[in-house]
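S.K.: What follows is a single structure, and I will ask about it in a moment.
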Amino acid sequence: MKNDHRFSGRVAFVTGAASGIGTATARRLLSEGAKVAGFDLGTADVEGVLALTGDVSRSADVNAAVAAATAELGPIDILVCSAGVSGNSLRTQDVTDEEWKRVMAINADGVFWCNRAVAPGMAERGYGRIVNVASIAGKEGNPMAAAYSASKAAVIALTKAVGKDLARTGVAVNCVAPAVIETAMLGDMSQEHIDYMVEKIPLGRMGKAEEVAALICWLASEECSFSTGATYDISGGRAVY
């Protein structure tokens, strides 16, 4: 159930807004009254969203996009870090230096650059909501996904640290840990990898991007007032901790 006015007067900055969870989240924030900037390598195809292009793995790109969004829409109240890659489905011994660095740069460095870019302004204004997208792989580790699992574990730990750093500023920082979600990202994975992940889900199906967006939007709202540094499971029962 949506609340058309929940984010009235709020400005949101969503990374990875051109596809998957990022697109679903941007649409829902917009439909509930927020002004939304979408940041991605490609253009966010969501009517009404300010599309900003750049690479989350480059801190200069992140800083420029945050500045552009602020100039166009106003100070950022909500950050959703959804940009990420699954990485290639490889056994640990087959992961190259370049592949490890690529996945970590996008999934871990990118989240840090974004959190760092918006935190000072949010803290100064005494309000903010940051939601980082991690993964069940960051809790449990998946075979054929050493880089991805490590990068998402980093997001979980980063969320705990930043949440505690900002705990008395009015800024809440939380993350979500989805199991396999039906998005374009699956195209980078082998069928063996996908089958393994779905088999582990008690509900017996993949999640939908809109289901993850619903949880993200609660964490991004004023209703989430006594939680920070936490990881919220959305894995169809795979992880219950």
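In the structure tokens, each chain is lettered A, B, ... as it comes, each chain's residues begin at 1, and ligands are numbered from 1 in order of appearance.
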Would you return as a PyMOL selection string the members of stretch 25-151 of chain A that DSSP assigns to alpha helix (DSSP H) on this structure's backbone?
M.R.: chain A and resi 25-31+59-73+97-104+110-125+136-140+146-151
S.K.: Taking the chain letters and numbering used in this document, name the residues of stretch 152-232 of chain A that DSSP puts in strand (DSSP E), as JSON, numbers by chain.
M.R.: {"A": [171, 172, 173, 174, 175, 176, 177, 178, 231, 232]}
S.K.: For the residues selected in the previous step, produce a file with N, CA, C and O atoms as a tab-separated table (two decimals), in the first residue's frame.
M.R.:
chain	number	residue	atom	x	y	z
A	171	VAL	N	20.24	11.45	11.49
A	171	VAL	CA	20.41	10.70	10.25
A	171	VAL	C	20.40	9.21	10.56
A	171	VAL	O	21.22	8.73	11.36
A	172	ALA	N	19.49	8.47	9.96
A	172	ALA	CA	19.42	7.02	10.13
A	172	ALA	C	20.04	6.34	8.92
A	172	ALA	O	19.77	6.72	7.77
A	173	VAL	N	20.88	5.35	9.17
A	173	VAL	CA	21.60	4.64	8.11
A	173	VAL	C	21.35	3.15	8.27
A	173	VAL	O	21.73	2.56	9.28
A	174	ASN	N	20.68	2.55	7.31
A	174	ASN	CA	20.39	1.12	7.36
A	174	ASN	C	20.65	0.49	6.00
A	174	ASN	O	20.86	1.19	5.01
A	175	CYS	N	20.64	-0.84	5.96
A	175	CYS	CA	20.79	-1.51	4.67
A	175	CYS	C	19.84	-2.68	4.56
A	175	CYS	O	19.28	-3.15	5.56
A	176	VAL	N	19.63	-3.12	3.33
A	176	VAL	CA	18.79	-4.28	3.06
A	176	VAL	C	19.66	-5.38	2.48
A	176	VAL	O	20.64	-5.11	1.77
A	177	ALA	N	19.29	-6.62	2.76
A	177	ALA	CA	20.05	-7.77	2.27
A	177	ALA	C	19.12	-8.69	1.48
A	177	ALA	O	18.58	-9.66	2.03
A	178	PRO	N	18.91	-8.40	0.19
A	178	PRO	CA	18.03	-9.25	-0.61
A	178	PRO	C	18.69	-10.58	-0.96
A	178	PRO	O	19.91	-10.68	-1.09
A	231	THR	N	20.73	-4.24	9.42
A	231	THR	CA	20.58	-4.92	8.14
A	231	THR	C	19.22	-5.63	8.12
A	231	THR	O	18.94	-6.44	9.00
A	232	TYR	N	18.40	-5.30	7.15
A	232	TYR	CA	17.05	-5.85	7.04
A	232	TYR	C	17.01	-6.95	5.98
A	232	TYR	O	17.32	-6.71	4.82
S.K.: Where does stretch 28-74 of chain A meet stretch 198-220 of chain A within 10 Å, residue by residue, with the nearest atom pair and distance in Å to one decimal for each, counting only C-alpha atoms, listed by chain and rising number, as a Markdown table?
M.R.:
| residue | atom | partner | partner_atom | distance |
| --- | --- | --- | --- | --- |
| A:Arg28 | CA | A:Ala213 | CA | 7.2 |
| A:Leu29 | CA | A:Cys217 | CA | 6.9 |
| A:Glu32 | CA | A:Cys217 | CA | 9.4 |
S.K.: Between A:Thr183, A:Ser221, A:Asn3, A:Thr53, single out the one closest to A:Ile78, counting only C-alpha atoms.
M.R.: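 Among A:Thr183, A:Ser221, A:Asn3, A:Thr53, it is A:Ser221 that comes nearest to A:Ile78.
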S.K.: Could you tell me which of A:Gly110, A:Gly42, A:Gly121, A:Gly33 comes closest to A:Val133 if we count only C-alpha atoms?
M.R.: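 Of all the options, A:Gly110 lies closest to A:Val133.
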S.K.: For each of A:Thr15, A:Thr25, A:Val111, A:Arg58, take the minimum atom-to-atom distance to A:Phe39, counting only C-alpha atoms, then give the residue where this is smallest.
M.R.: A:Thr15
S.K.: Smallest atom-to-atom distance to A:Tyr127: which of A:Glu223, A:Asp77, A:Asp40, A:Glu47, using only C-alpha atoms?
M.R.: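 Smallest distance to A:Tyr127 is found for A:Asp77.
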S.K.: Quick one: of A:Lys139, A:Ile130, A:Ala145, A:Glu182, who's nearest to A:Ser227, counting only C-alpha atoms?
M.R.: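 Nearest to A:Ser227: A:Ile130.
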